[in-house]
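Contents: one structure, followed by commentary.
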Amino acid sequence: NAGVTQTPKFQVLKTGQSMTLQCAQDMNHNSMYWYRQDPGMGLRLIYYSASEGTTDKGEVPNGYNVSRLNKREFSLRLESAAPSQTSVYFCASRTGQGLDYGYTFGSGTRLTVV
Amino acid sequence: GNSVTQMEGPVTLSEEAFLTINCTYTATGYPSLFWYVQYPGEGLQLLLKATKADDKGSNKGFEATYRKETTSFHLEKGSVQVSDSAVYFCALIVGGGFKTIFGAGTRLFVKA
């Protein structure tokens, strides 16, 4: 089925370890996004990529880096994980730039940092 | 700044009851408004949207009307089912269109 695929689904890291969350979409969408979801706080934007070759910071970028590898793929890297980064991470994509378009979300990565 | 405020949950209803989940917003400019639904263990799914004042979005029996005068976008359904149990998020996009503002979410439980 067409959509947004995230890997891994679950991960446990020790403080200070690094890891990369992978995201790919097969809908030919231009823009891609990384969000984190924490209880009672809704979703907060970490980074986004308006188009292939561009990336920009969102609301909570500290401690993260991203790479828009090509139009399909947008990865999120934690260089030195901290317990405050324990969260559920969602990748999303949108077809266009305008205000009419909603997101397609992946199923999420549940990350625990101990 | 831009923000979205949703009613706190959880909301617990019996099957076939009427549902209202309140959502109000503040925004500069003219936002588009969305409702997303998240089922357990899944990502968010777009439920409905409205892009200008007085528009009504609808899908799967859910409706919401974009009310500019009250800055609201309340979600309604006439008869809920157990399968509607989920978390519902209100959201807006404004300006350049790359940053969506989400509410904190409202959890709905529907009892058989």
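FYI, nothing fancy with the structure tokens labels: chains A, B, ... in order, residues from 1 per chain, ligands from 1 as they appear.
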message: When DSSP is applied to the backbone of this structure, which of range 40-110 of chain B are assigned strand (DSSP E)? Write them out as a PyMOL selection string.
response: chain B and resi 44-50+56-59+62-65+75-77+86-93+100-102+106-110
query: Within 12 Å of Leu48 in chain B, counting only C-alpha atoms, which residues qualify if same-chain residues fewer than 3 places away don't, as number ranges by chain?
result: A: 100-103; B: 32-37, 45, 51, 55-66, 73-76, 88-92
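By only C-alpha atoms, and with residues fewer than 2 positions from range 50-63 of chain A along its chain excluded, the set lying at most 8 Å from it is Asn30, Ser31, Met32, Arg44, Leu45, Ile46, Tyr47, Tyr48, Asn65, Val66, Ser67, Arg68, Leu69, Asn70, Lys71, Leu78, Glu79, Ser80, Ala81 and Gln97 of chain A; Phe98 and Lys99 of chain B.
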When the cut-off is 6 Å and we count only C-alpha atoms, which residues of chain B are near chain A, given as a CSV table (one decimal) with all heavy atoms, in the first residue's frame?
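Output contents, as saved in selection_25.csv:
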chain,number,residue,atom,x,y,z
B,32,SER,N,-6.2,27.3,7.4
B,32,SER,CA,-6.9,26.1,7.1
B,32,SER,C,-7.0,25.2,8.3
B,32,SER,O,-6.0,25.2,9.1
B,32,SER,CB,-6.3,25.3,5.9
B,32,SER,OG,-6.4,26.0,4.7
B,42,GLU,N,-1.1,3.5,16.1
B,42,GLU,CA,-0.9,4.0,14.7
B,42,GLU,C,-0.6,5.4,14.6
B,42,GLU,O,-0.6,6.2,15.6
B,42,GLU,CB,-2.3,3.7,13.9
B,42,GLU,CG,-2.7,2.3,13.9
B,42,GLU,CD,-4.0,2.1,13.1
B,42,GLU,OE1,-4.4,3.1,12.4
B,42,GLU,OE2,-4.5,1.0,13.1
B,43,GLY,N,-0.2,5.9,13.4
B,43,GLY,CA,0.0,7.3,13.2
B,43,GLY,C,-1.3,8.0,13.0
B,43,GLY,O,-2.4,7.4,13.0
B,44,LEU,N,-1.3,9.3,12.9
B,44,LEU,CA,-2.4,10.1,12.7
B,44,LEU,C,-2.9,10.0,11.3
B,44,LEU,O,-2.2,9.8,10.3
B,44,LEU,CB,-2.1,11.6,12.9
B,44,LEU,CG,-2.1,12.1,14.4
B,44,LEU,CD1,-0.9,11.6,15.1
B,44,LEU,CD2,-2.1,13.6,14.4
B,97,GLY,N,2.6,27.7,5.1
B,97,GLY,CA,2.0,26.4,4.9
B,97,GLY,C,2.9,25.2,5.2
B,97,GLY,O,2.6,24.1,5.0
B,102,PHE,N,-0.7,21.8,16.1
B,102,PHE,CA,-1.7,20.7,16.6
B,102,PHE,C,-2.2,21.1,18.0
B,102,PHE,O,-1.4,21.6,18.8
B,102,PHE,CB,-1.0,19.4,16.7
B,102,PHE,CG,-0.7,18.7,15.3
B,102,PHE,CD1,0.4,19.0,14.6
B,102,PHE,CD2,-1.7,17.9,14.8
B,102,PHE,CE1,0.6,18.4,13.4
B,102,PHE,CE2,-1.5,17.3,13.5
B,102,PHE,CZ,-0.3,17.6,12.9
B,103,GLY,N,-3.4,20.7,18.3
B,103,GLY,CA,-3.9,20.7,19.7
B,103,GLY,C,-3.3,19.5,20.4
B,103,GLY,O,-2.6,18.7,19.8
B,104,ALA,N,-3.6,19.5,21.7
B,104,ALA,CA,-3.0,18.4,22.6
B,104,ALA,C,-3.7,17.1,22.4
B,104,ALA,O,-3.2,16.1,22.8
B,104,ALA,CB,-3.1,18.9,24.0
B,105,GLY,N,-4.8,17.1,21.7
B,105,GLY,CA,-5.5,15.8,21.5
B,105,GLY,C,-6.6,15.6,22.5
B,105,GLY,O,-6.4,15.9,23.7
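Of the residues under consideration (B:Ala53, B:Ile101, B:Leu46, B:Val82), B:Val82 shows the shortest atom-to-atom contact distance to Ser14 in chain B when counting only C-alpha atoms.
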query: Contacts of Gln25 in chain A at 7 Å or less, counting only C-alpha atoms, minus same-chain residues fewer than 4 places along, as number ranges by chain?
result: A: 3-5, 72-73
